[in-house]
Amino acid sequence: MFIASLVIVAGLWELYKWLGPEDGGEILGWPVLPRTGDRSMPHTWEMVQRLFDPEVRGNDRPIWFAVAGYAWYTFRMALAGLIIGSVFGVVLAVFMSRFRVIERGLLPYVIASQTVPLIALAPQFAALGGNWDLPRWTWVAALGAFLAFFPISISTLRGLSSPTPAALELMDSYASSWWMTLRKLRFPSAVPYMVPGFKLAATASVIGVIVSEVSTGVRGVGFAALTYAQAATSDPAKVYAAVFGAALLGLAMFGIVVAAEAVVMRNRPREASA
Amino acid sequence: MSGGSPTPAGTANVVAVDGASMVFNEGASNEVDALCDIELVIRPGEFVSLIGPSGCGKSTLLRLIANLLSPTAGTVLVNGKSAHQARVDQDYGMAFQQSGLFEWRSVEKNIELPLELKGWKKADRRARAAEMLALVKLSEFSQHMPWQLSGGMQQRVAIARALAAHPSLLLMDEPFGALDEMTREHMQSELLRICAAAGTTVVFVTHSIPEAVYLSSRVVVMSPRPGRITNMIDVPLGDDRGEDTREDDSFYGLITEVREALRASETSDPVGGSVRGIEDR
């Protein structure tokens, strides 16, 4: 299915390039049709071919190898971001579910935190890193975590409050402590709610890392995309190597979460794993 | 029943409810008089059913005994101690209309849950779960997940879980209410067998008259708003009850007696009409 959809997307790309106007076009006066010249829309086979050409002239390292290296670096930062964001998000959700006052006081800030312009924030973060003598990549990972914790804490909060009154009454009848009820009832009940949150967080972490690479100059796949794009006039297919790398990276992060889901949901009834 | 018992005074009763009243939202505009001046003493080995129309407070009374609610007046003692202490000591097990099994735990792990909370060692839990599974005749299903079992089997697991810590008292809130008639009658016979084997005292909430008569040594009839005990009917059908009991003339006689007691309690209620929420079958 994945291969089939890839072929269809490539086909549509080439079809539009063939049919569309060379210098872009207008519909009802709006300049909405993209240009189809080789500079704006290189042929798909050129993009693939470019993957195997050297990154820079005079160097025999093919570009796919270079991009894989950048992507691996970005992947590790995004994974670190996802892990830090998960721990932070889950702890926050536990506190919010334990104390309603904290939920009411904190939730607006949690939501507001997600509208902070990340690109503007990233260099400030990196500058702070300079003061504390931490490597710059930790700040890029921290920005990934900053985007990842949000869907996790919201979905976990919802999951922790999902047990039925009857189930809570049962735990009460066992004189179960808050901590034991959390471990034996609330957390296991929250798992089906947390899975979609983690899926969102995995891709959010990748986005956070790539975006903050651009403004901090940390040499991952986002930085590569920026430098390749600067060469777009003479070498338009080059930037797509970085785009492919970033896309594959997002899929890999998503795949890790899906694999984890298969493990934690293996004994659950199917209808609950929506 | 235990008149000649040598046990010291105060500990002979499994449950002693003395002048208990329950008012929800006291002082507010939506105040509800759920229970009024309840007196109920239950001795070891008794099987007591609480029956009455919807809203008569029978589930509330069960929750007072379980200490899931505290009475606004009066006292509740379980095994001679406060209901709170009895809950902390796990003197009772409880089963609800919904089996309430945890879907992420196997049958065996569900039965082990109360033992885990008591801090039992793993090997001991395993052994007790196996014993309970044999009691409810589900040994071959120990590794199944709850959603793979029928409703009746799930309810048997819930009973095994309630009895896992060998409590002296079993509290049940319409545990068979969601089952079909055939399964329900089968489960009633199973429950009598299990409780006789374990020597457990039972308080059983139901709105089915035949169910109450078939299971109980005593039926407590309640009236609504505020909930009161209007009648207590002893059920002298003996300890050896089976399918023949259901066709016995004395069984029908007792059903009629309970039904009339329910009607009488209803007519004493000024706003009452027909007996609501009561099943004749």
# chains A, B, ... in the order shown; residues from 1 in each chain; ligands from 1

$ closest_atom_pairs --of "chain B" --to "chain A" --cutoff "7 Å" --atoms "only C-alpha atoms" --output "tab-separated table"
residue	atom	partner	partner_atom	distance
B:Ala66	CA	A:Ser173	CA	6.8
B:Leu68	CA	A:Ser173	CA	6.7
B:Arg87	CA	A:Ala175	CA	6.2
B:Val88	CA	A:Ala175	CA	5.3
B:Gln90	CA	A:Tyr174	CA	6.3
B:Gly100	CA	A:Ala167	CA	6.2
B:Glu103	CA	A:Arg268	CA	6.6
B:Trp104	CA	A:Arg268	CA	5.8
B:Pro114	CA	A:Tyr174	CA	6.6
B:Leu117	CA	A:Ser176	CA	6.8
B:Trp147	CA	A:Pro269	CA	6.6

$ residues_around --residues "A:Phe223" --least-positions-apart "3" --cutoff "8 Å" --atoms "only C-alpha atoms" --output "NGL selection string"
:A and (210 or 213-214 or 217-220 or 226-227)

$ atom_distance --atom1 "atom CA of B:Met172" --atom2 "atom CA of B:Phe204"
4.8 Å

$ select_by_dssp --residues "stretch 84-218 of chain B" --states "strand (DSSP E or B)" --output "CSV table (one decimal) with C-alpha atoms, in the first residue's frame"
chain,number,residue,atom,x,y,z
B,92,TYR,CA,-15.5,-8.3,53.4
B,93,GLY,CA,-15.4,-8.9,49.6
B,94,MET,CA,-17.7,-7.2,47.2
B,95,ALA,CA,-19.3,-7.9,43.9
B,169,LEU,CA,-18.6,-11.4,54.7
B,170,LEU,CA,-19.6,-11.1,51.1
B,171,LEU,CA,-21.5,-8.0,49.9
B,172,MET,CA,-23.3,-8.3,46.6
B,173,ASP,CA,-25.2,-5.6,44.7
B,201,THR,CA,-22.1,-14.7,55.5
B,202,VAL,CA,-23.8,-12.8,52.6
B,203,VAL,CA,-25.7,-9.6,52.2
B,204,PHE,CA,-27.4,-9.6,48.8
B,205,VAL,CA,-29.2,-6.7,47.1
B,206,THR,CA,-31.7,-7.7,44.5
B,208,SER,CA,-36.1,-10.1,42.0
B,218,ARG,CA,-33.9,-14.1,55.6

$ residues_around --residues "B:Met182" --least-positions-apart "4" --cutoff "12 Å" --atoms "only C-alpha atoms" --output "list in words"
Gly152, Phe176, Ala178, His186, Met187, Gln188, Ser189, Glu243 and Arg281 of chain B

$ write_last_selection --atoms "N, CA and C atoms" --output "short mmCIF file (atom, residue, chain, number, x, y, z; two decimals), in the first residue's frame"
data_model
loop_
_atom_site.label_atom_id
_atom_site.label_comp_id
_atom_site.auth_asym_id
_atom_site.auth_seq_id
_atom_site.Cartn_x
_atom_site.Cartn_y
_atom_site.Cartn_z
N GLY B 152 -21.77 -14.73 32.33
CA GLY B 152 -21.88 -15.55 33.53
C GLY B 152 -20.51 -15.96 34.06
N PHE B 176 -26.34 -10.57 39.65
CA PHE B 176 -26.81 -11.35 38.50
C PHE B 176 -27.81 -10.56 37.66
N ALA B 178 -27.54 -8.50 35.28
CA ALA B 178 -27.30 -8.33 33.84
C ALA B 178 -27.29 -9.66 33.10
N HIS B 186 -28.67 -20.69 37.26
CA HIS B 186 -27.48 -21.52 37.44
C HIS B 186 -26.51 -20.85 38.42
N MET B 187 -26.33 -19.53 38.23
CA MET B 187 -25.41 -18.78 39.09
C MET B 187 -25.89 -18.75 40.54
N GLN B 188 -27.22 -18.69 40.72
CA GLN B 188 -27.76 -18.70 42.09
C GLN B 188 -27.39 -19.99 42.80
N SER B 189 -27.55 -21.12 42.10
CA SER B 189 -27.20 -22.41 42.71
C SER B 189 -25.70 -22.47 43.01
N GLU B 243 -32.78 -27.43 42.15
CA GLU B 243 -33.80 -27.11 41.14
C GLU B 243 -35.19 -27.49 41.62
N ARG B 281 -40.77 -12.50 38.16
CA ARG B 281 -40.20 -13.72 37.62
C ARG B 281 -38.69 -13.70 37.80
#

$ residues_around --residues "B:Glu31" --least-positions-apart "4" --cutoff "12 Å" --atoms "only C-alpha atoms" --output "JSON, numbers by chain"
{"B": [22, 23, 24, 25, 26, 27, 225, 226]}

$ residues_around --residues "B:Ser142" --least-positions-apart "5" --cutoff "8 Å" --atoms "only C-alpha atoms" --output "JSON, numbers by chain"
{"B": [106, 107, 108, 130, 133]}

$ residues_around --residues "B:Asp37" --least-positions-apart "2" --cutoff "9 Å" --atoms "only C-alpha atoms" --output "list in words"
Asp18, Gly19, Ala20, Ser21, Met22, Leu35, Glu39, Ala73, Gly74, Gly227, Arg228 and Ile229 of chain B

$ atom_distance --atom1 "atom CA of A:Leu251" --atom2 "atom CA of A:Gln124"
29.4 Å

$ closest_residue --among "A:Val195, A:Ala201, A:Ala66, A:Leu147" --to "A:Thr115" --atoms "only C-alpha atoms"
A:Leu147

$ closest_residue --among "B:Gly57, B:Gly177, B:Gly119, B:Gly151" --to "B:Met222" --atoms "only C-alpha atoms"
B:Gly57

$ residues_around --residues "B:Ser265" --least-positions-apart "2" --cutoff "9 Å" --atoms "only C-alpha atoms" --output "PyMOL selection string"
chain B and resi 52+221-224+229-231+260-263+267-269

$ atom_distance --atom1 "atom CA of B:Val78" --atom2 "atom CA of B:Thr60"
15.9 Å

$ closest_residue --among "B:Ala129, B:Leu40, B:Val15, B:Ala34" --to "B:Ala83" --atoms "only C-alpha atoms"
B:Val15

$ select_by_dssp --residues "stretch 165-280 of chain B" --states "alpha helix (DSSP H)" --output "NGL selection string"
:B and (181-198 or 209-215 or 249-267)

$ write_last_selection --atoms "N, CA and C atoms" --output "CSV table (one decimal), in the first residue's frame"
chain,number,residue,atom,x,y,z
B,181,GLU,N,-32.0,-15.3,32.2
B,181,GLU,CA,-32.7,-16.1,33.2
B,181,GLU,C,-32.0,-17.4,33.5
B,182,MET,N,-31.7,-18.2,32.4
B,182,MET,CA,-31.1,-19.5,32.6
B,182,MET,C,-29.8,-19.4,33.4
B,183,THR,N,-28.9,-18.5,32.9
B,183,THR,CA,-27.6,-18.3,33.5
B,183,THR,C,-27.8,-17.9,34.9
B,184,ARG,N,-28.8,-17.0,35.1
B,184,ARG,CA,-29.0,-16.5,36.5
B,184,ARG,C,-29.4,-17.5,37.5
B,185,GLU,N,-30.3,-18.5,37.1
B,185,GLU,CA,-30.7,-19.5,38.0
B,185,GLU,C,-29.5,-20.5,38.3
B,186,HIS,N,-28.7,-20.7,37.3
B,186,HIS,CA,-27.5,-21.5,37.4
B,186,HIS,C,-26.5,-20.9,38.4
B,187,MET,N,-26.3,-19.5,38.2
B,187,MET,CA,-25.4,-18.8,39.1
B,187,MET,C,-25.9,-18.7,40.5
B,188,GLN,N,-27.2,-18.7,40.7
B,188,GLN,CA,-27.8,-18.7,42.1
B,188,GLN,C,-27.4,-20.0,42.8
B,189,SER,N,-27.6,-21.1,42.1
B,189,SER,CA,-27.2,-22.4,42.7
B,189,SER,C,-25.7,-22.5,43.0
B,190,GLU,N,-24.9,-22.0,42.1
B,190,GLU,CA,-23.4,-21.9,42.2
B,190,GLU,C,-23.1,-21.1,43.5
B,191,LEU,N,-23.7,-20.0,43.6
B,191,LEU,CA,-23.4,-19.1,44.7
B,191,LEU,C,-23.7,-19.7,46.1
B,192,LEU,N,-24.8,-20.4,46.1
B,192,LEU,CA,-25.2,-21.2,47.4
B,192,LEU,C,-24.1,-22.2,47.7
B,193,ARG,N,-23.7,-22.9,46.7
B,193,ARG,CA,-22.7,-24.0,46.8
B,193,ARG,C,-21.3,-23.3,47.3
B,194,ILE,N,-20.9,-22.2,46.7
B,194,ILE,CA,-19.7,-21.6,47.0
B,194,ILE,C,-19.7,-21.1,48.4
B,195,CYS,N,-20.8,-20.4,48.8
B,195,CYS,CA,-20.8,-19.8,50.1
B,195,CYS,C,-20.9,-20.9,51.2
B,196,ALA,N,-21.6,-22.0,50.9
B,196,ALA,CA,-21.7,-23.1,51.9
B,196,ALA,C,-20.3,-23.7,52.1
B,197,ALA,N,-19.5,-23.8,51.0
B,197,ALA,CA,-18.2,-24.4,51.0
B,197,ALA,C,-17.3,-23.5,51.8
B,198,ALA,N,-17.4,-22.1,51.6
B,198,ALA,CA,-16.5,-21.2,52.3
B,198,ALA,C,-17.0,-20.7,53.7
B,209,ILE,N,-37.9,-11.1,43.4
B,209,ILE,CA,-38.5,-11.8,44.5
B,209,ILE,C,-38.0,-13.3,44.5
B,210,PRO,N,-38.2,-14.0,43.4
B,210,PRO,CA,-37.8,-15.5,43.4
B,210,PRO,C,-36.3,-15.6,43.8
B,211,GLU,N,-35.4,-14.7,43.3
B,211,GLU,CA,-34.0,-14.8,43.6
B,211,GLU,C,-33.8,-14.6,45.1
B,212,ALA,N,-34.5,-13.6,45.7
B,212,ALA,CA,-34.3,-13.4,47.1
B,212,ALA,C,-34.7,-14.6,47.9
B,213,VAL,N,-35.9,-15.2,47.5
B,213,VAL,CA,-36.4,-16.3,48.3
B,213,VAL,C,-35.5,-17.5,48.1
B,214,TYR,N,-35.1,-17.8,46.9
B,214,TYR,CA,-34.3,-19.0,46.6
B,214,TYR,C,-33.0,-19.0,47.4
B,215,LEU,N,-32.3,-17.8,47.5
B,215,LEU,CA,-31.0,-17.7,48.0
B,215,LEU,C,-31.0,-17.6,49.5
B,249,ASP,N,-44.1,-26.1,46.6
B,249,ASP,CA,-45.2,-25.2,47.0
B,249,ASP,C,-44.8,-24.2,48.1
B,250,SER,N,-43.9,-24.6,49.0
B,250,SER,CA,-43.5,-23.7,50.0
B,250,SER,C,-42.7,-22.5,49.4
B,251,PHE,N,-42.0,-22.8,48.3
B,251,PHE,CA,-41.2,-21.7,47.6
B,251,PHE,C,-42.2,-20.7,47.1
B,252,TYR,N,-43.3,-21.2,46.5
B,252,TYR,CA,-44.3,-20.2,45.9
B,252,TYR,C,-45.0,-19.5,47.1
B,253,GLY,N,-45.3,-20.2,48.1
B,253,GLY,CA,-45.9,-19.6,49.3
B,253,GLY,C,-45.1,-18.4,49.8
B,254,LEU,N,-43.8,-18.6,49.9
B,254,LEU,CA,-42.9,-17.6,50.4
B,254,LEU,C,-42.8,-16.4,49.4
B,255,ILE,N,-42.8,-16.7,48.1
B,255,ILE,CA,-42.8,-15.6,47.1
B,255,ILE,C,-44.0,-14.7,47.3
B,256,THR,N,-45.2,-15.4,47.5
B,256,THR,CA,-46.4,-14.6,47.7
B,256,THR,C,-46.3,-13.8,49.0
B,257,GLU,N,-45.7,-14.3,50.0
B,257,GLU,CA,-45.5,-13.6,51.3
B,257,GLU,C,-44.7,-12.4,51.1
B,258,VAL,N,-43.5,-12.5,50.4
B,258,VAL,CA,-42.7,-11.4,50.1
B,258,VAL,C,-43.3,-10.3,49.3
B,259,ARG,N,-44.1,-10.8,48.2
B,259,ARG,CA,-44.7,-9.9,47.3
B,259,ARG,C,-45.8,-9.0,48.1
B,260,GLU,N,-46.5,-9.7,49.0
B,260,GLU,CA,-47.5,-9.0,49.8
B,260,GLU,C,-46.9,-8.0,50.7
B,261,ALA,N,-45.7,-8.4,51.3
B,261,ALA,CA,-45.0,-7.5,52.2
B,261,ALA,C,-44.5,-6.3,51.4
B,262,LEU,N,-44.1,-6.5,50.2
B,262,LEU,CA,-43.7,-5.3,49.3
B,262,LEU,C,-44.9,-4.4,49.0
B,263,ARG,N,-46.0,-5.0,48.7
B,263,ARG,CA,-47.2,-4.2,48.4
B,263,ARG,C,-47.6,-3.4,49.7
B,264,ALA,N,-47.6,-4.1,50.8
B,264,ALA,CA,-48.0,-3.4,52.1
B,264,ALA,C,-47.0,-2.2,52.4
B,265,SER,N,-45.7,-2.4,52.1
B,265,SER,CA,-44.8,-1.3,52.3
B,265,SER,C,-45.0,-0.2,51.4
B,266,GLU,N,-45.5,-0.5,50.2
B,266,GLU,CA,-45.7,0.5,49.2
B,266,GLU,C,-47.0,1.3,49.5
B,267,THR,N,-48.1,0.7,50.0
B,267,THR,CA,-49.3,1.4,50.3
B,267,THR,C,-49.1,2.3,51.5

$ decode --residues "stretch 159-209 of chain A" --atoms "C-alpha atoms" --output "short mmCIF file (atom, residue, chain, number, x, y, z; two decimals), in the first residue's frame"
data_model
loop_
_atom_site.label_atom_id
_atom_site.label_comp_id
_atom_site.auth_asym_id
_atom_site.auth_seq_id
_atom_site.Cartn_x
_atom_site.Cartn_y
_atom_site.Cartn_z
CA GLY A 159 -6.87 8.53 30.43
CA LEU A 160 -6.18 8.84 34.15
CA SER A 161 -9.73 10.07 34.71
CA SER A 162 -11.25 7.33 32.51
CA PRO A 163 -11.90 4.56 35.12
CA THR A 164 -15.61 4.07 35.85
CA PRO A 165 -17.04 4.99 39.28
CA ALA A 166 -17.62 1.26 39.82
CA ALA A 167 -13.93 0.47 39.29
CA LEU A 168 -12.89 3.25 41.67
CA GLU A 169 -15.44 1.99 44.20
CA LEU A 170 -13.93 -1.49 43.92
CA MET A 171 -10.47 -0.09 44.72
CA ASP A 172 -12.03 1.84 47.62
CA SER A 173 -13.55 -1.37 48.95
CA TYR A 174 -9.99 -2.77 49.09
CA ALA A 175 -8.95 0.33 51.08
CA SER A 176 -6.43 0.93 48.28
CA SER A 177 -4.11 3.93 48.65
CA TRP A 178 -3.98 6.69 46.04
CA TRP A 179 -0.64 5.40 44.79
CA MET A 180 -1.84 1.80 44.47
CA THR A 181 -5.02 2.90 42.68
CA LEU A 182 -2.81 4.90 40.30
CA ARG A 183 -0.60 1.89 39.61
CA LYS A 184 -3.20 -0.85 39.46
CA LEU A 185 -6.16 0.99 37.94
CA ARG A 186 -5.58 4.51 36.61
CA PHE A 187 -2.39 3.90 34.64
CA PRO A 188 -3.52 0.68 32.96
CA SER A 189 -6.85 2.38 32.09
CA ALA A 190 -4.98 5.34 30.62
CA VAL A 191 -2.87 3.29 28.19
CA PRO A 192 -5.40 3.23 25.31
CA TYR A 193 -5.71 7.02 25.64
CA MET A 194 -1.95 7.57 25.83
CA VAL A 195 -1.15 5.71 22.60
CA PRO A 196 -2.60 8.36 20.21
CA GLY A 197 -0.93 11.05 22.35
CA PHE A 198 2.44 9.36 21.89
CA LYS A 199 1.88 9.12 18.13
CA LEU A 200 1.31 12.88 17.95
CA ALA A 201 4.26 13.49 20.27
CA ALA A 202 6.64 11.40 18.14
CA THR A 203 6.08 13.56 15.06
CA ALA A 204 5.89 16.78 17.11
CA SER A 205 9.32 16.03 18.58
CA VAL A 206 10.80 15.59 15.08
CA ILE A 207 9.27 18.89 13.97
CA GLY A 208 10.56 20.67 17.07
CA VAL A 209 14.09 19.40 16.55
#
